Amino acid sequence: MYPIVLLSFFGIVTLFLGFSKSKNILLPATLLFLIIALAGNFLEWNKGPLLYFYDMLRVDNVTLAFNGIILLSAFMIFAISGGFQDNPDSEPAEYFGLMLFSLVGALMMVGFQHLIMLFIGVEILSVAMYVLTGSNKRNLRSNEAALKYFLMGAFATGFMLFGITLLYGATGSFKLEQIQGFASNMQVGSESYILYAGLLLLLIGMLFKVSAAPFHFWTPDVYEGAPTIFTTFMSTVVKTAGFAALFRLLSGSFTGVYGFWWIVIAAIAVLTLLVGNIGATSQNSFKRMLAYSGISHAGYLLIALTALSKPSQNAIIFYSLAYSLSTICAFGVLMLVSKEKTIGGQPNEYYDAFNGLAKQNPLLAFVLTVSMLSLAGIPLTAGFWGKFFIFTSAAERGIIWITVIAVLMSTVGIYYYFRVIISSYLKEGDLVKIRVAPFYKVILVLATFLTILFGLAPGIFEGLI
Amino acid sequence: MSASLLILIPLLPLIGFLINGIGFKTIPKGAVGIIGTLAVVASFVISVMTFNDFVASGSQPLVVPLFEWITVGDLRIPFSFQIDQLSLLMLMIITGVGSLIHIYSIGYMHHDEGFGKFFAYLNLFLFFMLLLVLGSNYVIMFIGWEGVGLCSYLLIGFWNKNTNYNNTARKAFIMNRVGDLGFLLGIFTIIATFGSVEYTEVFAQASSFSLEDPVIVTICLFLFIGAMGKSAQIPLYTWLPDAMAGPTPVSALIHAATMVTAGIYMVIRSNVLYSLAPSALEIVGIIGGLTAIFAASIGLLQNDIKKVLAYSTVSQLGYMFMGLGAMAYSASMFHVITHAFFKALLFLGAGSVIHAMSDEQDIRNMGGLRKKLPITFITFLIATIAIAGIPPFAGFFSKDEILAHVFEHNKLLWVIGVIGSLMTSFYMFRLLFLTFFGNFRGTHEQEHHLHESPASMTIPLVILAVLSAVGGFIGVPEALHGSHHLAEFMSPLYDAARQANPAGFEPTTLSHSEEYLLMGVSVAVALISAVVAYVMYVQKASVPAPDSAEKSGLQRLVYNKYYVDELYDNVFVKSTKTLSNILYSFGEFFIDLFVNAAVRLTSFSAKMLRKTQTGSTGDYVFAMVLGIVAILFWKLLL
């Protein structure tokens with residue numbers, strides 16, 4: 001609960017800091033805010049389930065773990081944003097303020113206990129993201145992406161709200177527990193159909209947010225159009241929050257009707273895996289490939305949802321962390337490289353921009369390689385264990401066929417993840433030595449280190465939850 | 001002993017590796033040696049402290065959990081260290097001898113351009129070796145096992161510009177892989193049988209199995225295959241003599257004192273299992289005995305100073321396994337300890353000679369070196385006496401104890417052991433006399449260059465010489481009115497095995513006079529060989545014939561190592577190549593067909609998918625609506 005209050009306050013403070021002439025203070029201040037929020041988050045560790053805001057928000061260790069991942073990812077992303085100092089058009093105070101507010105939304109999505117809270121969280125997060133996507137005002141693609149994202153997001157929100165309404169109509173409540181009570185004891189009849197319809201519509205709205213197929217169409221265009229730093233934010237923070245919310249929703253209210261919805265999620269998971277992985281193979285832009293890779297990872301996470309058990313909950317937490325760390329590394333290196341090589345004034349985000357990276361920048365090449373290995377799920381990286389935990393949780397539930405498809409699709413993943421490794425190590429290029437700010441380097445190394453550490457000893461993390 | 005201090009024992013060499021491994025291009029040479037050596041010396045000091053604490057607190061074994069490592073279903077593999085008599089003894093040997101060899105390497109490798117790389121590898125090796133002996137379960141042991149194999153590979157092929165050296169490194173790696181497969185199968189069988197890999201749990205459950213249970217025998221044999229690879233036993237021994245391509249300190253540390261004894265460590269660690277499987281132990285003993293005599297006989301005619309020592313190592317390892325076969329676990333461990341002292345000393349002495357001779361290794365070109373290299377000579381002499389088994393030096397006590405146990409167990413193996421020790425004494429004194437006595441036979445330039453090695457090399461020699469001389473007194477047999485400290489210390493390790501198989505641990509039935517007789521025989525044999533060698537190589541001053549000379553059939557057979565390498569080449573390598581050629585020419589077609597079809601399918605569907613991504617928001621929303629309608633129709637109306 002502390003981080004929600006703190007970040008709301010800090011967001012306002014950040015906007016006021018924007019009035020000062022010097023922009024230099026903004027970044028350190030924001031990083032400090034995040035550290036305070038992170039510390040505040042863990043004050044409630046092991047304090048048991050606590051309820052706040054008229055029982056609309058619940059804080060337990062699962063909430064705190066998700067919050068921790070979100071805040072840690074946010075901290076790393078802020079740290080590599082470099083304060084937007086190289087762009088004279090940018091308004092760092094506004095960006096930082098919006099990002100802090102959107103974090104508040106994300107945290108609400110993680111801890112909600114009441115559907116209105118979920119809706120508010122989703123909207124706070126989304127509206128901020130619409131704006132940030134279009135923050136590169138002079139870039140046409142950025143504008144287009146923002147508008148696309150907004151239009152389609154609004155469309156999905158409509159379904160979501162409609163779903164909530166139907167659920168209220170069926171159960172007479174917005175509270176997860178009461179919906180759970182109703183759904184568990186319900187007789188098949190007209191109310192059950194209203195509840196089913198409500199659940200499906202609500203799920204569709206949420207699945208849009210986590211870019212599951214066939215609601216994924218916005219993802220490649222928006223990820224590619226948005227400034228890379230916000231793409232990073234979208235693909236880590238937003239995705240983690242989305243899955244935390246989906247898990248909370250399904251485990252908190254709909255375990256009683258598991259037989260009804262699991263096959264929907266399973267079908268969507270398979271479709272998402274196919275679209276994400278196969279779509280990624282034909283991309284020539286590294287950034288667009290990462291967008292498809294984001295879709296495919298949503299597919300893996302959906303598998304954990306179909307299992308819906310204690311192990312699958314831990315698997316989602318572990319996977320989100322592993323995925324966020326690697327994604328931040330990948331985008332972090334992309335930002336450095338693409339800035340170095342430009343096409344017509346715009347950053348070059350194609351694979352060939354990475355040609356010969358390893359020669360002059362062995363550290364960056366290494367960071368990139370580890371993150372690709374982790375995303376592909378190669379052993380000795382955190383990503384391997386993330387996939388492993390998800391697959392075992394599904395197998396324990398007896399859903400073997402979906403695991404088989406997922407394993408096949410993850411072999412496809414190796415193809416497109418390794419392309420950039422090949423570019424950086426085996427191809428000749430004229431990349432010069434890229435200057436990296438010390439703090440930037442520290443973040444990349446830290447994320448790589450954690451990826452390897454959790455890859456060697458996933459038990460460390462499991463012991464924490 | 002606090003866990004944080006304990007974890008430093010393997011961690012310090014790892015840190016040393018990271019510093020030297022990452023920064024070897026920038027760190028000055030002096031600092032590299034100091035960092036690498038300090039890491040090991042500090043870990044030796046902590047090991048000694050741990051040892052003292054352990055003894056002071058009543059010798060209670062303890063398991064120190066570090067973190068939860070892997071949990072899969074019901075199988076839980078924690079990352080934890082086990083501190084008991086066995087791991088402590090190994091710790092002391094590894095870090096102790098390791099420290100000396102690091103100090104020696106500062107001098108020995110000084111002129112090498114890969115100085116930093118060398119120290120980084122050495123430290124990495126120690127890290128894995130320490131992990132191997134400290135782990136509290138078979139999986140950690142396996143990681144260490146593979147890690148030391150990797151380091152051994154890297155260090156054998158250290159001078160990687162020489163293709164031959166690279167090939168020997170590969171040979172060592174592949175031969176070890178054969179053994180590792182056995183070890184892995186052993187681990188899998190253990191998991192399948194006991195549902196755990198933790199030593200304490202496995203051994204507790206194993207105690208309830210009956211003697212000669214087929215599962216236990218299978219596990220023991222699988223594990224022993226692993227030991228054969230790592231500890232160079234027949235038929236997987238041929239890599240070790242070739243491993244001499246590595247720098248000499250590596251031969252001393254990895255291929256004499258520590259890594260190759262991992263197999264013995266593993267068997268002693270699993271003594272509960274082996275005690276339950278006497279038939280497996282029988283095989284261990286026979287293989288050990290055969291290896292002991294076979295390798296010793298090859299050693300008789302070798303002319304490369306390091307090759308002689310390498311075959312001697314293989315043969316001594318054979319003795320250790322012979323002891324294990326007779327369930328004389330402590331005696332084998334005793335021999336591991338004394339062998340670590342005198343064999344490391346022999347290798348380092350050989351290194352000192354090679355250093356002085358400007359990289360000459362052929363003993364036919366040496367001779368008379370005792371005046372030019374006095375310290376090396378005296379220490380080498382002590383080591384030779386020790387390995388030959390002449391009292392009161394270290395080798396006598398340990399080898400004699402093994403032979404006494406073997407005598408009780410199997411008279412034929414004892415005869416083999418005695419013949420082996422006759423050969424050992426002969427080839428070692430032959431080596432000593434040819435190298436240090438007589439007249440110098442090298443080139444004029446080499447003679448001019450001869451010099452005693454620097455202090456950083458001679459001090460380790462002296463320390464090891466002292467240990468080789470007095471090291472045997474930790475285990476004086478009762479017949480000589482001493483007390484066997486080592487056996488007493490290690491005795492608690494076998495409590496579980498003793499309960500499971502009481503017959504195997506009955507006290508010796510040999511009377512004192514019988515024991516005297518056995519000792520007398522082995523000492524006499526060693527002395528006779530030494531005298532024969534003296535007569536041949538000092539009095540008659542004969543020198544082994546050059547390679548071009550005609551040899552008798554038997555001589556040729558032994559000189560060419562019984563053509564085992566050629567045999568393996570024809571039987572295994574060639575047939576594997578033929579098979580893979582067949583598969584390549586014929587199987588590849590089918591694989592390609594399958595792979596290419598998968599690729600075509602993927603790229604075709606990718607092309608289709610691309611078409612759906614039109615960029616128009618209207619299309620996207622339309623697709624979404626289709627999806628929504630489909631879901632609602634499917635779930636609500638169907």
# chains A, B, ... in the order shown; residues from 1 in each chain; ligands from 1
>>> select_by_dssp(residues="region 373-418 of chain B", states="alpha helix (DSSP H)", output="JSON, numbers by chain")
{"B": [374, 375, 376, 377, 378, 379, 380, 381, 382, 383, 384, 385, 386, 387, 388, 394, 395, 396, 397, 398, 399, 400, 401, 402, 403, 404, 405, 406, 407, 408, 409, 411, 412, 413, 414, 415, 416, 417, 418]}
>>> write_last_selection(atoms="N, CA and C atoms", output="compact mmCIF listing (two decimals), in the first residue's frame")
# COMPACT_ATOMS: atom_id res chain seq x y z
N PRO B 374 71.78 -29.56 -6.71
CA PRO B 374 71.85 -30.35 -5.46
C PRO B 374 70.51 -30.46 -4.73
N ILE B 375 69.77 -29.35 -4.66
CA ILE B 375 68.51 -29.41 -3.90
C ILE B 375 67.53 -30.30 -4.63
N THR B 376 67.45 -30.11 -5.93
CA THR B 376 66.54 -30.94 -6.71
C THR B 376 66.91 -32.41 -6.54
N PHE B 377 68.23 -32.68 -6.57
CA PHE B 377 68.67 -34.07 -6.46
C PHE B 377 68.25 -34.68 -5.13
N ILE B 378 68.54 -33.98 -4.04
CA ILE B 378 68.25 -34.57 -2.72
C ILE B 378 66.75 -34.79 -2.54
N THR B 379 65.96 -33.80 -2.94
CA THR B 379 64.52 -33.95 -2.78
C THR B 379 64.00 -35.06 -3.68
N PHE B 380 64.55 -35.16 -4.88
CA PHE B 380 64.12 -36.20 -5.81
C PHE B 380 64.47 -37.58 -5.25
N LEU B 381 65.66 -37.66 -4.62
CA LEU B 381 66.09 -38.91 -4.01
C LEU B 381 65.11 -39.34 -2.92
N ILE B 382 64.75 -38.38 -2.08
CA ILE B 382 63.81 -38.69 -0.99
C ILE B 382 62.50 -39.21 -1.55
N ALA B 383 62.01 -38.52 -2.60
CA ALA B 383 60.74 -38.94 -3.19
C ALA B 383 60.86 -40.33 -3.78
N THR B 384 62.00 -40.63 -4.40
CA THR B 384 62.20 -41.94 -5.01
C THR B 384 62.17 -43.03 -3.95
N ILE B 385 62.87 -42.77 -2.85
CA ILE B 385 62.86 -43.76 -1.76
C ILE B 385 61.45 -43.93 -1.23
N ALA B 386 60.74 -42.81 -1.14
CA ALA B 386 59.38 -42.86 -0.61
C ALA B 386 58.48 -43.69 -1.52
N ILE B 387 58.56 -43.47 -2.81
CA ILE B 387 57.64 -44.19 -3.71
C ILE B 387 58.04 -45.65 -3.82
N ALA B 388 59.34 -45.92 -3.68
CA ALA B 388 59.78 -47.30 -3.79
C ALA B 388 59.32 -48.13 -2.60
N ALA B 394 57.48 -42.14 3.62
CA ALA B 394 56.01 -42.17 3.63
C ALA B 394 55.41 -43.33 2.85
N GLY B 395 55.95 -43.57 1.65
CA GLY B 395 55.32 -44.57 0.79
C GLY B 395 55.31 -45.95 1.39
N PHE B 396 56.30 -46.27 2.18
CA PHE B 396 56.39 -47.59 2.79
C PHE B 396 55.13 -47.90 3.60
N PHE B 397 54.76 -46.99 4.47
CA PHE B 397 53.66 -47.28 5.40
C PHE B 397 52.35 -47.47 4.65
N SER B 398 52.09 -46.55 3.70
CA SER B 398 50.79 -46.63 3.06
C SER B 398 50.70 -47.82 2.11
N LYS B 399 51.78 -48.04 1.34
CA LYS B 399 51.73 -49.15 0.40
C LYS B 399 51.69 -50.48 1.16
N ASP B 400 52.45 -50.54 2.23
CA ASP B 400 52.49 -51.77 2.99
C ASP B 400 51.13 -52.09 3.60
N GLU B 401 50.46 -51.05 4.05
CA GLU B 401 49.15 -51.29 4.66
C GLU B 401 48.18 -51.83 3.61
N ILE B 402 48.22 -51.23 2.40
CA ILE B 402 47.35 -51.74 1.34
C ILE B 402 47.68 -53.20 1.05
N LEU B 403 49.00 -53.50 0.91
CA LEU B 403 49.39 -54.86 0.55
C LEU B 403 48.98 -55.85 1.65
N ALA B 404 49.07 -55.43 2.91
CA ALA B 404 48.68 -56.34 4.00
C ALA B 404 47.20 -56.68 3.89
N HIS B 405 46.39 -55.66 3.62
CA HIS B 405 44.95 -55.92 3.48
C HIS B 405 44.68 -56.80 2.27
N VAL B 406 45.39 -56.52 1.18
CA VAL B 406 45.16 -57.31 -0.03
C VAL B 406 45.56 -58.76 0.21
N PHE B 407 46.65 -58.95 0.96
CA PHE B 407 47.12 -60.31 1.26
C PHE B 407 46.02 -61.11 1.97
N GLU B 408 45.38 -60.46 2.91
CA GLU B 408 44.31 -61.14 3.64
C GLU B 408 43.15 -61.47 2.72
N HIS B 409 42.95 -60.61 1.77
CA HIS B 409 41.76 -60.68 0.94
C HIS B 409 41.94 -61.64 -0.23
N LYS B 411 45.27 -63.64 -2.25
CA LYS B 411 46.72 -63.84 -2.30
C LYS B 411 47.29 -63.53 -3.68
N LEU B 412 46.51 -63.86 -4.71
CA LEU B 412 47.01 -63.64 -6.06
C LEU B 412 47.24 -62.15 -6.34
N LEU B 413 46.27 -61.33 -5.90
CA LEU B 413 46.42 -59.89 -6.10
C LEU B 413 47.63 -59.39 -5.34
N TRP B 414 47.89 -60.02 -4.18
CA TRP B 414 49.05 -59.59 -3.40
C TRP B 414 50.33 -59.83 -4.19
N VAL B 415 50.39 -60.99 -4.83
CA VAL B 415 51.58 -61.31 -5.63
C VAL B 415 51.75 -60.25 -6.73
N ILE B 416 50.63 -59.94 -7.38
CA ILE B 416 50.68 -58.90 -8.42
C ILE B 416 51.19 -57.59 -7.83
N GLY B 417 50.67 -57.26 -6.65
CA GLY B 417 51.09 -56.02 -6.00
C GLY B 417 52.57 -56.01 -5.72
N VAL B 418 53.11 -57.15 -5.25
CA VAL B 418 54.54 -57.18 -4.92
C VAL B 418 55.38 -57.07 -6.20
>>> residues_around(residues="Ile77 (chain B)", least_positions_apart="3", cutoff="8 Å", atoms="only C-alpha atoms", output="MDAnalysis selection string")
chainID B and resid 68:71 137 139 196:198
>>> write_last_selection(atoms="all heavy atoms", output="short mmCIF file (atom, residue, chain, number, x, y, z; two decimals), in the first residue's frame")
data_model
loop_
_atom_site.label_atom_id
_atom_site.label_comp_id
_atom_site.auth_asym_id
_atom_site.auth_seq_id
_atom_site.Cartn_x
_atom_site.Cartn_y
_atom_site.Cartn_z
N GLU B 68 18.70 -23.33 -1.40
CA GLU B 68 17.90 -24.30 -2.15
C GLU B 68 18.33 -24.20 -3.60
O GLU B 68 18.38 -23.11 -4.15
CB GLU B 68 16.41 -23.94 -2.03
CG GLU B 68 15.76 -24.47 -0.78
CD GLU B 68 15.89 -25.96 -0.63
OE1 GLU B 68 15.57 -26.67 -1.61
OE2 GLU B 68 16.35 -26.42 0.43
N TRP B 69 18.60 -25.32 -4.22
CA TRP B 69 19.18 -25.20 -5.55
C TRP B 69 18.19 -25.63 -6.62
O TRP B 69 17.71 -24.82 -7.39
CB TRP B 69 20.46 -26.03 -5.58
CG TRP B 69 21.24 -25.86 -6.82
CD1 TRP B 69 21.32 -24.75 -7.60
CD2 TRP B 69 22.07 -26.82 -7.40
NE1 TRP B 69 22.16 -24.98 -8.64
CE2 TRP B 69 22.64 -26.24 -8.54
CE3 TRP B 69 22.42 -28.14 -7.07
CZ2 TRP B 69 23.52 -26.93 -9.37
CZ3 TRP B 69 23.29 -28.81 -7.90
CH2 TRP B 69 23.84 -28.20 -9.03
N ILE B 70 17.86 -26.91 -6.64
CA ILE B 70 16.94 -27.38 -7.66
C ILE B 70 15.84 -28.17 -6.97
O ILE B 70 16.14 -29.02 -6.13
CB ILE B 70 17.64 -28.31 -8.68
CG1 ILE B 70 18.80 -27.58 -9.35
CG2 ILE B 70 16.65 -28.81 -9.73
CD1 ILE B 70 19.62 -28.48 -10.24
N THR B 71 14.61 -27.86 -7.27
CA THR B 71 13.51 -28.65 -6.76
C THR B 71 12.65 -29.04 -7.94
O THR B 71 12.10 -28.18 -8.62
CB THR B 71 12.67 -27.84 -5.76
OG1 THR B 71 13.57 -27.21 -4.86
CG2 THR B 71 11.73 -28.73 -5.00
N ASN B 137 26.18 -33.72 -1.96
CA ASN B 137 25.41 -34.68 -2.76
C ASN B 137 26.12 -34.98 -4.07
O ASN B 137 27.10 -34.32 -4.42
CB ASN B 137 23.99 -34.16 -3.00
CG ASN B 137 23.97 -32.83 -3.70
OD1 ASN B 137 24.61 -32.66 -4.73
ND2 ASN B 137 23.27 -31.86 -3.13
N VAL B 139 25.24 -34.58 -7.09
CA VAL B 139 25.14 -33.63 -8.20
C VAL B 139 26.22 -32.56 -8.09
O VAL B 139 26.85 -32.20 -9.08
CB VAL B 139 23.73 -33.02 -8.27
CG1 VAL B 139 23.67 -32.00 -9.37
CG2 VAL B 139 22.71 -34.11 -8.53
N SER B 196 16.78 -39.38 -3.97
CA SER B 196 17.57 -38.28 -3.41
C SER B 196 19.01 -38.47 -3.86
O SER B 196 19.41 -39.57 -4.26
CB SER B 196 17.49 -38.30 -1.89
OG SER B 196 18.41 -37.38 -1.36
N VAL B 197 19.77 -37.38 -3.83
CA VAL B 197 21.18 -37.52 -4.12
C VAL B 197 22.03 -37.11 -2.92
O VAL B 197 23.25 -37.18 -2.98
CB VAL B 197 21.60 -36.68 -5.35
CG1 VAL B 197 21.14 -37.34 -6.62
CG2 VAL B 197 21.07 -35.28 -5.24
N GLU B 198 21.38 -36.65 -1.87
CA GLU B 198 22.12 -36.26 -0.67
C GLU B 198 22.79 -37.48 -0.05
O GLU B 198 22.15 -38.51 0.16
CB GLU B 198 21.15 -35.66 0.36
CG GLU B 198 20.78 -34.22 0.09
CD GLU B 198 21.92 -33.28 0.43
OE1 GLU B 198 22.30 -33.18 1.60
OE2 GLU B 198 22.43 -32.65 -0.52
#
>>> interface_residues(of="chain A", to="chain B", cutoff="10 Å", atoms="only C-alpha atoms", output="PyMOL selection string")
chain A and resi 144-145+147-149+151-152+155-156+159+193-194+196-197+200-201+204+208+213-218+220-221+260-261+263-264+267-268+274-283+385+388-389+392-393+396+412+454+456-463
>>> residues_around(residues="region 154-157 of chain B", least_positions_apart="3", cutoff="6 Å", atoms="only C-alpha atoms", output="CSV table (one decimal) with all heavy atoms, in the first residue's frame")
chain,number,residue,atom,x,y,z
B,151,CYS,N,39.0,-28.0,-16.7
B,151,CYS,CA,40.3,-27.3,-16.5
B,151,CYS,C,41.4,-28.2,-16.9
B,151,CYS,O,42.4,-27.7,-17.4
B,151,CYS,CB,40.4,-27.0,-15.0
B,151,CYS,SG,39.2,-25.9,-14.5
B,160,ASN,N,48.5,-24.0,-26.8
B,160,ASN,CA,47.5,-24.4,-27.8
B,160,ASN,C,48.0,-24.1,-29.2
B,160,ASN,O,47.3,-24.3,-30.1
B,160,ASN,CB,46.2,-23.8,-27.5
B,160,ASN,CG,46.2,-22.3,-27.3
B,160,ASN,OD1,47.2,-21.7,-27.8
B,160,ASN,ND2,45.2,-21.8,-26.6
B,165,TYR,N,49.5,-31.1,-28.9
B,165,TYR,CA,49.1,-30.9,-27.5
B,165,TYR,C,47.5,-30.8,-27.5
B,165,TYR,O,46.9,-31.3,-26.6
B,165,TYR,CB,49.7,-29.6,-26.9
B,165,TYR,CG,51.2,-29.7,-26.7
B,165,TYR,CD1,51.9,-28.7,-26.2
B,165,TYR,CD2,51.9,-30.9,-27.0
B,165,TYR,CE1,53.3,-28.8,-25.9
B,165,TYR,CE2,53.2,-31.0,-26.7
B,165,TYR,CZ,53.9,-30.0,-26.2
B,165,TYR,OH,55.2,-30.1,-26.0
B,166,ASN,N,47.0,-30.1,-28.5
B,166,ASN,CA,45.6,-29.9,-28.5
B,166,ASN,C,44.9,-31.3,-28.7
B,166,ASN,O,43.9,-31.6,-28.1
B,166,ASN,CB,45.1,-29.1,-29.7
B,166,ASN,CG,45.5,-27.6,-29.5
B,166,ASN,OD1,45.6,-27.2,-28.3
B,166,ASN,ND2,45.7,-26.8,-30.5
B,169,ALA,N,44.9,-33.1,-25.5
B,169,ALA,CA,43.9,-32.5,-24.6
B,169,ALA,C,42.5,-33.0,-24.9
B,169,ALA,O,41.7,-33.4,-24.0
B,169,ALA,CB,43.9,-31.0,-24.7
B,243,ALA,N,48.6,-36.7,-21.1
B,243,ALA,CA,48.3,-35.4,-20.5
B,243,ALA,C,49.5,-34.7,-20.1
B,243,ALA,O,49.5,-33.5,-19.7
B,243,ALA,CB,47.4,-35.6,-19.3
B,245,ALA,N,51.5,-33.4,-21.8
B,245,ALA,CA,51.8,-32.3,-22.7
B,245,ALA,C,51.6,-31.0,-22.0
B,245,ALA,O,52.2,-30.0,-22.4
B,245,ALA,CB,50.9,-32.4,-23.9
B,246,GLY,N,50.9,-31.0,-20.9
B,246,GLY,CA,50.6,-29.7,-20.2
B,246,GLY,C,51.9,-29.3,-19.4
B,246,GLY,O,52.8,-30.1,-19.3
>>> residues_around(residues="Met372 (chain A)", least_positions_apart="4", cutoff="12 Å", atoms="only C-alpha atoms", output="number ranges by chain")
A: 286, 289-290, 293, 322-323, 325-331, 333, 365-368, 376-379, 381-384, 413-422, 424, 448, 451
>>> residues_around(residues="Ile94 (chain B)", least_positions_apart="6", cutoff="12 Å", atoms="only C-alpha atoms", output="PyMOL selection string")
chain B and resi 9-10+13+40-41+43-45+47-48+87-88+100-102+122-123+125-134+252-254+256-262+336-337+340-341+344
>>> atom_distance(atom1="CA of Lys230 (chain B)", atom2="CA of Asn176 (chain B)")
6.0 Å
>>> residues_around(residues="region 482-492 of chain B", least_positions_apart="3", cutoff="12 Å", atoms="only C-alpha atoms", output="VMD selection string")
chain B and resid 51 54 to 55 58 to 61 84 to 89 268 to 269 271 328 to 335 337 to 338 397 to 398 401 471 to 479 495 to 499 505
>>> closest_residue(among="A:Asn361, A:Thr342, A:Asn41, A:Thr165", to="Thr63 (chain A)", atoms="only C-alpha atoms")
A:Asn41
>>> atom_distance(atom1="CA of Glu282 (chain B)", atom2="CA of Lys171 (chain B)")
28.9 Å
>>> atom_distance(atom1="CA of Ala226 (chain A)", atom2="CA of Tyr130 (chain A)")
9.6 Å
